[in-house]
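Next comes coords_31.tsv, a file with TSV, N, CA and C atoms.
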chain	number	residue	atom	x	y	z
A	282	MET	N	99.77	79.36	102.03
A	282	MET	CA	99.61	79.54	103.45
A	282	MET	C	98.42	78.76	103.96
A	283	VAL	N	97.33	78.79	103.24
A	283	VAL	CA	96.15	78.04	103.65
A	283	VAL	C	96.45	76.55	103.61
A	284	GLY	N	97.15	76.11	102.60
A	284	GLY	CA	97.52	74.70	102.50
A	284	GLY	C	98.36	74.26	103.68
A	285	GLY	N	99.22	75.14	104.16
A	285	GLY	CA	100.05	74.82	105.31
A	285	GLY	C	99.22	74.66	106.57
A	286	LEU	N	98.18	75.46	106.71
A	286	LEU	CA	97.30	75.36	107.88
A	286	LEU	C	96.52	74.05	107.86
A	287	VAL	N	96.07	73.66	106.70
A	287	VAL	CA	95.33	72.41	106.59
A	287	VAL	C	96.23	71.24	106.92
A	288	ALA	N	97.43	71.26	106.39
A	288	ALA	CA	98.36	70.18	106.66
A	288	ALA	C	98.71	70.14	108.13
A	289	ALA	N	98.88	71.30	108.74
A	289	ALA	CA	99.21	71.34	110.18
A	289	ALA	C	98.03	70.82	110.99
A	290	GLY	N	96.84	71.14	110.57
A	290	GLY	CA	95.66	70.69	111.30
A	290	GLY	C	95.42	69.20	111.15
A	291	CYS	N	95.91	68.61	110.08
A	291	CYS	CA	95.70	67.19	109.85
A	291	CYS	C	96.69	66.31	110.59
A	292	SER	N	97.79	66.88	110.97
A	292	SER	CA	98.77	66.05	111.66
A	292	SER	C	98.57	66.20	113.17
A	293	SER	N	98.05	65.19	113.78
A	293	SER	CA	97.76	65.21	115.20
A	293	SER	C	98.58	64.16	115.91
A	294	HIS	N	98.98	64.47	117.11
A	294	HIS	CA	99.72	63.52	117.91
A	294	HIS	C	98.78	62.63	118.72
A	295	HIS	N	97.51	62.93	118.71
A	295	HIS	CA	96.52	62.15	119.44
A	295	HIS	C	95.92	61.08	118.53
A	296	PRO	N	95.78	59.85	119.02
A	296	PRO	CA	95.15	58.83	118.17
A	296	PRO	C	93.68	59.18	117.95
A	297	PRO	N	93.14	58.79	116.82
A	297	PRO	CA	91.74	59.10	116.54
A	297	PRO	C	90.83	58.36	117.53
A	298	ARG	N	89.75	59.01	117.90
A	298	ARG	CA	88.78	58.40	118.81
A	298	ARG	C	87.92	57.41	118.03
A	299	PRO	N	87.64	56.26	118.62
A	299	PRO	CA	86.76	55.32	117.93
A	299	PRO	C	85.33	55.87	117.90
A	300	LEU	N	84.65	55.59	116.83
A	300	LEU	CA	83.26	56.00	116.72
A	300	LEU	C	82.40	55.16	117.65
A	301	PRO	N	81.36	55.76	118.27
A	301	PRO	CA	80.50	54.97	119.13
A	301	PRO	C	79.76	53.91	118.33
A	302	SER	N	79.53	52.78	118.96
A	302	SER	CA	78.85	51.68	118.29
A	302	SER	C	77.39	52.04	118.03
A	303	THR	N	76.93	51.78	116.83
A	303	THR	CA	75.54	52.02	116.51
A	303	THR	C	74.75	50.72	116.47
A	304	ALA	N	75.42	49.60	116.76
A	304	ALA	CA	74.73	48.31	116.75
A	304	ALA	C	73.77	48.25	117.94
A	305	PRO	N	72.56	47.76	117.73
A	305	PRO	CA	71.61	47.68	118.84
A	305	PRO	C	72.07	46.63	119.86
A	306	ASP	N	71.77	46.89	121.11
A	306	ASP	CA	72.10	45.94	122.17
A	306	ASP	C	71.17	44.74	122.04
A	307	PRO	N	71.72	43.54	121.86
A	307	PRO	CA	70.86	42.37	121.67
A	307	PRO	C	70.05	42.02	122.92
A	308	ASP	N	70.45	42.54	124.08
A	308	ASP	CA	69.74	42.25	125.32
A	308	ASP	C	68.84	43.40	125.78
A	309	ALA	N	68.72	44.43	124.97
A	309	ALA	CA	67.94	45.61	125.38
A	309	ALA	C	66.50	45.25	125.72
A	310	THR	N	65.87	44.40	124.92
A	310	THR	CA	64.49	44.03	125.18
A	310	THR	C	64.36	43.23	126.48
A	311	ALA	N	65.26	42.29	126.69
A	311	ALA	CA	65.23	41.49	127.93
A	311	ALA	C	65.43	42.38	129.15
A	312	LEU	N	66.37	43.31	129.06
A	312	LEU	CA	66.63	44.20	130.18
A	312	LEU	C	65.45	45.13	130.44
A	313	ALA	N	64.86	45.65	129.38
A	313	ALA	CA	63.71	46.54	129.54
A	313	ALA	C	62.53	45.80	130.17
A	314	ARG	N	62.29	44.56	129.73
A	314	ARG	CA	61.20	43.77	130.32
A	314	ARG	C	61.47	43.47	131.78
A	315	ALA	N	62.70	43.11	132.09
A	315	ALA	CA	63.06	42.83	133.48
A	315	ALA	C	62.89	44.08	134.34
A	316	LEU	N	63.31	45.22	133.81
A	316	LEU	CA	63.16	46.47	134.55
A	316	LEU	C	61.68	46.79	134.78
A	317	ASP	N	60.87	46.62	133.75
A	317	ASP	CA	59.44	46.85	133.91
A	317	ASP	C	58.85	45.95	134.99
A	318	GLY	N	59.28	44.69	134.99
A	318	GLY	CA	58.78	43.76	136.01
A	318	GLY	C	59.20	44.18	137.41
A	319	GLU	N	60.45	44.62	137.56
A	319	GLU	CA	60.93	45.06	138.87
A	319	GLU	C	60.18	46.30	139.34
A	320	LEU	N	59.94	47.25	138.43
A	320	LEU	CA	59.22	48.45	138.82
A	320	LEU	C	57.78	48.14	139.20
A	321	ALA	N	57.17	47.17	138.52
A	321	ALA	CA	55.83	46.75	138.88
A	321	ALA	C	55.83	46.11	140.27
A	322	LEU	N	56.87	45.32	140.56
A	322	LEU	CA	56.97	44.72	141.89
A	322	LEU	C	57.17	45.78	142.97
A	323	LEU	N	57.95	46.80	142.69
A	323	LEU	CA	58.11	47.88	143.67
A	323	LEU	C	56.77	48.52	143.98
A	324	ALA	N	55.98	48.76	142.95
A	324	ALA	CA	54.65	49.34	143.16
A	324	ALA	C	53.77	48.39	143.97
A	325	SER	N	53.89	47.09	143.70
A	325	SER	CA	53.11	46.11	144.46
A	325	SER	C	53.56	46.07	145.92
A	326	TYR	N	54.86	46.15	146.14
A	326	TYR	CA	55.36	46.20	147.52
A	326	TYR	C	54.86	47.46	148.22
A	327	ASP	N	54.87	48.59	147.53
A	327	ASP	CA	54.36	49.83	148.13
A	327	ASP	C	52.91	49.66	148.58
A	328	ALA	N	52.11	49.05	147.72
A	328	ALA	CA	50.70	48.82	148.07
A	328	ALA	C	50.58	47.86	149.26
A	329	ALA	N	51.39	46.80	149.26
A	329	ALA	CA	51.36	45.83	150.36
A	329	ALA	C	51.80	46.47	151.67
A	330	ILE	N	52.79	47.33	151.61
A	330	ILE	CA	53.28	48.01	152.82
A	330	ILE	C	52.20	48.93	153.37
A	331	GLN	N	51.49	49.62	152.50
A	331	GLN	CA	50.42	50.51	152.95
A	331	GLN	C	49.30	49.74	153.64
A	332	ARG	N	49.02	48.53	153.17
A	332	ARG	CA	47.95	47.71	153.75
A	332	ARG	C	48.39	46.96	155.00
A	333	ALA	N	49.69	46.76	155.16
A	333	ALA	CA	50.22	45.91	156.23
A	333	ALA	C	50.15	46.62	157.59
A	334	SER	N	50.10	45.79	158.62
A	334	SER	CA	50.15	46.32	159.98
A	334	SER	C	51.57	46.82	160.25
A	335	VAL	N	51.71	47.62	161.28
A	335	VAL	CA	53.03	48.15	161.65
A	335	VAL	C	53.99	47.00	161.92
A	336	ARG	N	53.50	45.92	162.49
A	336	ARG	CA	54.34	44.76	162.80
A	336	ARG	C	54.80	44.05	161.53
A	337	ASP	N	53.97	44.02	160.50
A	337	ASP	CA	54.30	43.30	159.27
A	337	ASP	C	55.06	44.14	158.24
A	338	GLN	N	55.18	45.43	158.46
A	338	GLN	CA	55.84	46.29	157.49
A	338	GLN	C	57.35	46.08	157.36
A	339	PRO	N	58.11	45.89	158.44
A	339	PRO	CA	59.57	45.80	158.28
A	339	PRO	C	60.06	44.74	157.30
A	340	PRO	N	59.56	43.48	157.34
A	340	PRO	CA	60.08	42.52	156.35
A	340	PRO	C	59.69	42.89	154.91
A	341	LEU	N	58.54	43.52	154.75
A	341	LEU	CA	58.15	43.97	153.41
A	341	LEU	C	59.07	45.08	152.92
A	342	ARG	N	59.45	45.97	153.83
A	342	ARG	CA	60.36	47.07	153.46
A	342	ARG	C	61.74	46.52	153.08
A	343	VAL	N	62.22	45.51	153.79
A	343	VAL	CA	63.51	44.89	153.46
A	343	VAL	C	63.43	44.24	152.08
A	344	ALA	N	62.36	43.49	151.84
A	344	ALA	CA	62.21	42.84	150.53
A	344	ALA	C	62.12	43.88	149.42
A	345	ARG	N	61.40	44.98	149.68
A	345	ARG	CA	61.28	46.04	148.68
A	345	ARG	C	62.65	46.65	148.38
A	346	ALA	N	63.46	46.82	149.41
A	346	ALA	CA	64.80	47.39	149.22
A	346	ALA	C	65.66	46.50	148.31
A	347	LEU	N	65.50	45.18	148.44
A	347	LEU	CA	66.24	44.26	147.56
A	347	LEU	C	65.84	44.47	146.10
A	348	HIS	N	64.56	44.67	145.88
A	348	HIS	CA	64.08	44.90	144.51
A	348	HIS	C	64.55	46.26	143.99
A	349	ALA	N	64.67	47.23	144.87
A	349	ALA	CA	65.21	48.54	144.45
A	349	ALA	C	66.66	48.39	143.98
A	350	VAL	N	67.41	47.49	144.61
A	350	VAL	CA	68.79	47.21	144.15
A	350	VAL	C	68.75	46.57	142.77
A	351	HIS	N	67.79	45.68	142.53
A	351	HIS	CA	67.64	45.06	141.21
A	351	HIS	C	67.40	46.15	140.16
A	352	VAL	N	66.53	47.10	140.49
A	352	VAL	CA	66.21	48.18	139.56
A	352	VAL	C	67.47	48.96	139.21
A	353	THR	N	68.27	49.26	140.22
A	353	THR	CA	69.51	50.00	139.98
A	353	THR	C	70.42	49.23	139.04
A	354	ALA	N	70.58	47.93	139.29
A	354	ALA	CA	71.45	47.11	138.43
A	354	ALA	C	70.91	47.04	137.01
A	355	LEU	N	69.62	46.87	136.86
A	355	LEU	CA	69.03	46.79	135.53
A	355	LEU	C	69.12	48.12	134.79
A	356	ARG	N	68.90	49.21	135.50
A	356	ARG	CA	68.98	50.53	134.84
A	356	ARG	C	70.37	50.80	134.32
A	357	ARG	N	71.36	50.29	135.02
A	357	ARG	CA	72.74	50.49	134.56
A	357	ARG	C	72.99	49.74	133.26
A	358	LEU	N	72.30	48.65	133.06
A	358	LEU	CA	72.52	47.86	131.84
A	358	LEU	C	71.49	48.13	130.75
A	359	ALA	N	70.33	48.56	131.13
A	359	ALA	CA	69.23	48.69	130.16
A	359	ALA	C	69.45	49.85	129.20
A	360	ALA	N	69.08	49.65	127.98
A	360	ALA	CA	69.22	50.69	126.96
A	360	ALA	C	68.10	51.73	127.07
A	361	SER	N	66.92	51.30	127.53
A	361	SER	CA	65.81	52.23	127.66
A	361	SER	C	64.89	51.73	128.77
A	362	THR	N	64.07	52.64	129.30
A	362	THR	CA	63.11	52.27	130.32
A	362	THR	C	61.73	52.77	129.92
A	363	ARG	N	60.74	52.10	130.43
A	363	ARG	CA	59.36	52.54	130.22
A	363	ARG	C	58.79	52.86	131.59
A	364	THR	N	57.69	53.61	131.61
A	364	THR	CA	57.17	54.07	132.89
A	364	THR	C	55.83	53.46	133.28
A	365	ALA	N	55.20	52.71	132.42
A	365	ALA	CA	53.90	52.13	132.77
A	365	ALA	C	54.11	50.83	133.53
A	366	HIS	N	53.56	50.75	134.75
A	366	HIS	CA	53.76	49.58	135.58
A	366	HIS	C	52.46	49.25	136.30
A	367	GLY	N	52.05	47.99	136.19
A	367	GLY	CA	50.83	47.56	136.85
A	367	GLY	C	51.11	47.18	138.30
A	368	ILE	N	50.09	47.25	139.11
A	368	ILE	CA	50.20	46.87	140.52
A	368	ILE	C	49.43	45.58	140.71
A	369	ASP	N	50.11	44.57	141.22
A	369	ASP	CA	49.49	43.29	141.50
A	369	ASP	C	49.27	43.19	143.00
A	370	ARG	N	48.04	42.98	143.41
A	370	ARG	CA	47.73	42.92	144.84
A	370	ARG	C	48.15	41.60	145.46
A	371	ASP	N	48.35	40.56	144.67
A	371	ASP	CA	48.80	39.26	145.17
A	371	ASP	C	50.32	39.20	144.99
A	372	LEU	N	51.04	39.66	146.01
A	372	LEU	CA	52.49	39.80	145.90
A	372	LEU	C	53.20	38.47	145.63
A	373	PRO	N	52.89	37.38	146.32
A	373	PRO	CA	53.57	36.11	145.99
A	373	PRO	C	53.34	35.68	144.54
A	374	ALA	N	52.13	35.87	144.04
A	374	ALA	CA	51.85	35.51	142.65
A	374	ALA	C	52.64	36.41	141.70
A	375	ALA	N	52.74	37.71	142.02
A	375	ALA	CA	53.50	38.63	141.19
A	375	ALA	C	54.98	38.25	141.18
A	376	LEU	N	55.50	37.83	142.32
A	376	LEU	CA	56.90	37.41	142.40
A	376	LEU	C	57.15	36.14	141.59
A	377	ARG	N	56.23	35.17	141.68
A	377	ARG	CA	56.39	33.94	140.89
A	377	ARG	C	56.32	34.23	139.40
A	378	GLN	N	55.38	35.08	139.01
A	378	GLN	CA	55.24	35.44	137.60
A	378	GLN	C	56.51	36.15	137.11
A	379	SER	N	57.02	37.04	137.93
A	379	SER	CA	58.24	37.75	137.56
A	379	SER	C	59.42	36.79	137.45
A	380	ALA	N	59.52	35.85	138.39
A	380	ALA	CA	60.62	34.87	138.34
A	380	ALA	C	60.55	34.06	137.05
A	381	ASP	N	59.36	33.63	136.67
A	381	ASP	CA	59.20	32.87	135.42
A	381	ASP	C	59.64	33.70	134.22
A	382	ALA	N	59.19	34.95	134.17
A	382	ALA	CA	59.53	35.82	133.05
A	382	ALA	C	61.04	36.08	133.00
A	383	LEU	N	61.64	36.31	134.17
A	383	LEU	CA	63.07	36.58	134.21
A	383	LEU	C	63.89	35.37	133.80
A	384	ARG	N	63.45	34.17	134.20
A	384	ARG	CA	64.16	32.95	133.77
A	384	ARG	C	64.14	32.83	132.25
A	385	THR	N	62.98	33.10	131.66
A	385	THR	CA	62.85	33.04	130.21
A	385	THR	C	63.78	34.05	129.55
A	386	GLU	N	63.80	35.28	130.08
A	386	GLU	CA	64.67	36.31	129.52
A	386	GLU	C	66.14	35.96	129.71
A	387	ALA	N	66.49	35.35	130.84
A	387	ALA	CA	67.88	34.95	131.10
A	387	ALA	C	68.33	33.91	130.07
A	388	LEU	N	67.46	32.98	129.76
A	388	LEU	CA	67.81	31.96	128.78
A	388	LEU	C	67.98	32.54	127.37
A	389	ALA	N	67.25	33.61	127.09
A	389	ALA	CA	67.31	34.23	125.76
A	389	ALA	C	68.41	35.28	125.65
A	390	ALA	N	69.01	35.66	126.76
A	390	ALA	CA	70.02	36.72	126.75
A	390	ALA	C	71.23	36.31	125.91
A	391	HIS	N	71.86	37.28	125.31
A	391	HIS	CA	73.03	37.03	124.46
A	391	HIS	C	74.33	37.08	125.25
A	392	ARG	N	74.40	37.99	126.19
A	392	ARG	CA	75.62	38.14	126.99
A	392	ARG	C	75.49	37.38	128.30
A	393	GLY	N	76.58	36.80	128.72
A	393	GLY	CA	76.60	36.06	129.99
A	393	GLY	C	76.29	36.95	131.18
A	394	THR	N	76.77	38.19	131.17
A	394	THR	CA	76.51	39.08	132.30
A	394	THR	C	75.02	39.39	132.43
A	395	THR	N	74.36	39.57	131.29
A	395	THR	CA	72.92	39.83	131.31
A	395	THR	C	72.18	38.59	131.82
A	396	ALA	N	72.53	37.43	131.30
A	396	ALA	CA	71.89	36.19	131.72
A	396	ALA	C	72.07	35.96	133.22
A	397	ALA	N	73.27	36.21	133.72
A	397	ALA	CA	73.55	35.99	135.13
A	397	ALA	C	72.74	36.94	136.01
A	398	LEU	N	72.66	38.22	135.62
A	398	LEU	CA	71.89	39.19	136.39
A	398	LEU	C	70.42	38.81	136.42
A	399	LEU	N	69.86	38.48	135.25
A	399	LEU	CA	68.44	38.13	135.19
A	399	LEU	C	68.15	36.86	135.97
A	400	ALA	N	69.01	35.86	135.88
A	400	ALA	CA	68.81	34.61	136.61
A	400	ALA	C	68.92	34.84	138.11
A	401	SER	N	69.83	35.70	138.53
A	401	SER	CA	69.98	36.01	139.95
A	401	SER	C	68.73	36.68	140.50
A	402	ILE	N	68.20	37.63	139.75
A	402	ILE	CA	66.97	38.31	140.18
A	402	ILE	C	65.81	37.32	140.20
A	403	ALA	N	65.74	36.43	139.21
A	403	ALA	CA	64.68	35.41	139.17
A	403	ALA	C	64.74	34.54	140.41
A	404	ALA	N	65.94	34.12	140.79
A	404	ALA	CA	66.10	33.28	141.98
A	404	ALA	C	65.66	34.03	143.23
A	405	SER	N	65.97	35.31	143.32
A	405	SER	CA	65.56	36.12	144.45
A	405	SER	C	64.04	36.21	144.52
A	406	HIS	N	63.40	36.41	143.38
A	406	HIS	CA	61.94	36.51	143.34
A	406	HIS	C	61.30	35.19	143.75
A	407	GLN	N	61.83	34.09	143.24
A	407	GLN	CA	61.27	32.77	143.57
A	407	GLN	C	61.39	32.51	145.07
A	408	ALA	N	62.54	32.84	145.63
A	408	ALA	CA	62.74	32.65	147.08
A	408	ALA	C	61.81	33.55	147.88
A	409	SER	N	61.60	34.77	147.43
A	409	SER	CA	60.72	35.70	148.13
A	409	SER	C	59.26	35.28	148.05
A	410	ALA	N	58.89	34.59	146.97
A	410	ALA	CA	57.50	34.19	146.79
A	410	ALA	C	57.09	33.09	147.77
A	411	GLY	N	58.09	32.39	148.28
A	411	GLY	CA	57.79	31.34	149.27
A	411	GLY	C	57.47	30.02	148.67
Entire entry expressed as structure tokens:
Amino acid sequence: MVGGLVAAGCSSHHPPRPLPSTAPDPDATALARALDGELALLASYDAAIQRASVRDQPPLRVARALHAVHVTALRRLAASTRTAHGIDRDLPAALRQSADALRTEALAAHRGTTAALLASIAASHQASAG
């Protein structure tokens, strides 16, 4: 009787579920660095908005919103996030530095989707830096 239960339990009409991949994401480091850079830029924009006049705040808020979209996209792809982010008071310099770093990470990315996302964000930062 016990043998019959085991045999009945072993015969399933459902296909076996594939095991989750344990291979590390080859782009995890690039994505984490890009996310850290974006979060640092958000903090820099927050500081710039606080210092800006009421007249100068709207374009800074729009630019900050674009970076918030970058963060959302990166978080969806990133394997992990870190929370330490520096604030750069020279926003154009921070944007140029971030663009350079993102271009480097885009070139090193393994997947085309990761490279495209990082390059797109780099282009946005370069354009924003003026």
Find the residues near stretch 337-341 of chain A: any atom within 7 Å, counting all atoms listed in the file, skip ones fewer than 5 places away on the same chain, and give them as an MDAnalysis selection string. chainID A and resid 326 330 346
Residue selection dump (N, CA and C atoms) as a PDB file, keeping the file's coordinate frame:
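Below you can see selection-v1.pdb, which holds the result:
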ATOM      1  N   TYR A 326      54.860  46.150 146.140  1.00  0.00           N
ATOM      2  CA  TYR A 326      55.360  46.200 147.520  1.00  0.00           C
ATOM      3  C   TYR A 326      54.860  47.460 148.220  1.00  0.00           C
ATOM      4  N   ILE A 330      52.790  47.330 151.610  1.00  0.00           N
ATOM      5  CA  ILE A 330      53.280  48.010 152.820  1.00  0.00           C
ATOM      6  C   ILE A 330      52.200  48.930 153.370  1.00  0.00           C
ATOM      7  N   ALA A 346      63.460  46.820 149.410  1.00  0.00           N
ATOM      8  CA  ALA A 346      64.800  47.390 149.220  1.00  0.00           C
ATOM      9  C   ALA A 346      65.660  46.500 148.310  1.00  0.00           C
TER      10      ALA A 346
END
Choose the residue, out of A:Leu322, A:Val335, A:Leu355, A:Leu312, that has the smallest atom-to-atom separation from A:His406; count only C-alpha atoms. A:Leu322
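Between atom N of A:Glu319 and atom CA of A:Ser334 the interatomic distance comes to 24.7 Å.
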Write out as a PyMOL selection string each polymer residue whose atoms come within 7 Å of A:Leu383, counting all atoms listed in the file; drop sequence neighbours fewer than 6 positions from it. chain A and resi 315+399-400+402-403
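Coordinates place atom CA of A:Arg370 at a distance of 20.9 Å from atom N of A:Arg384.
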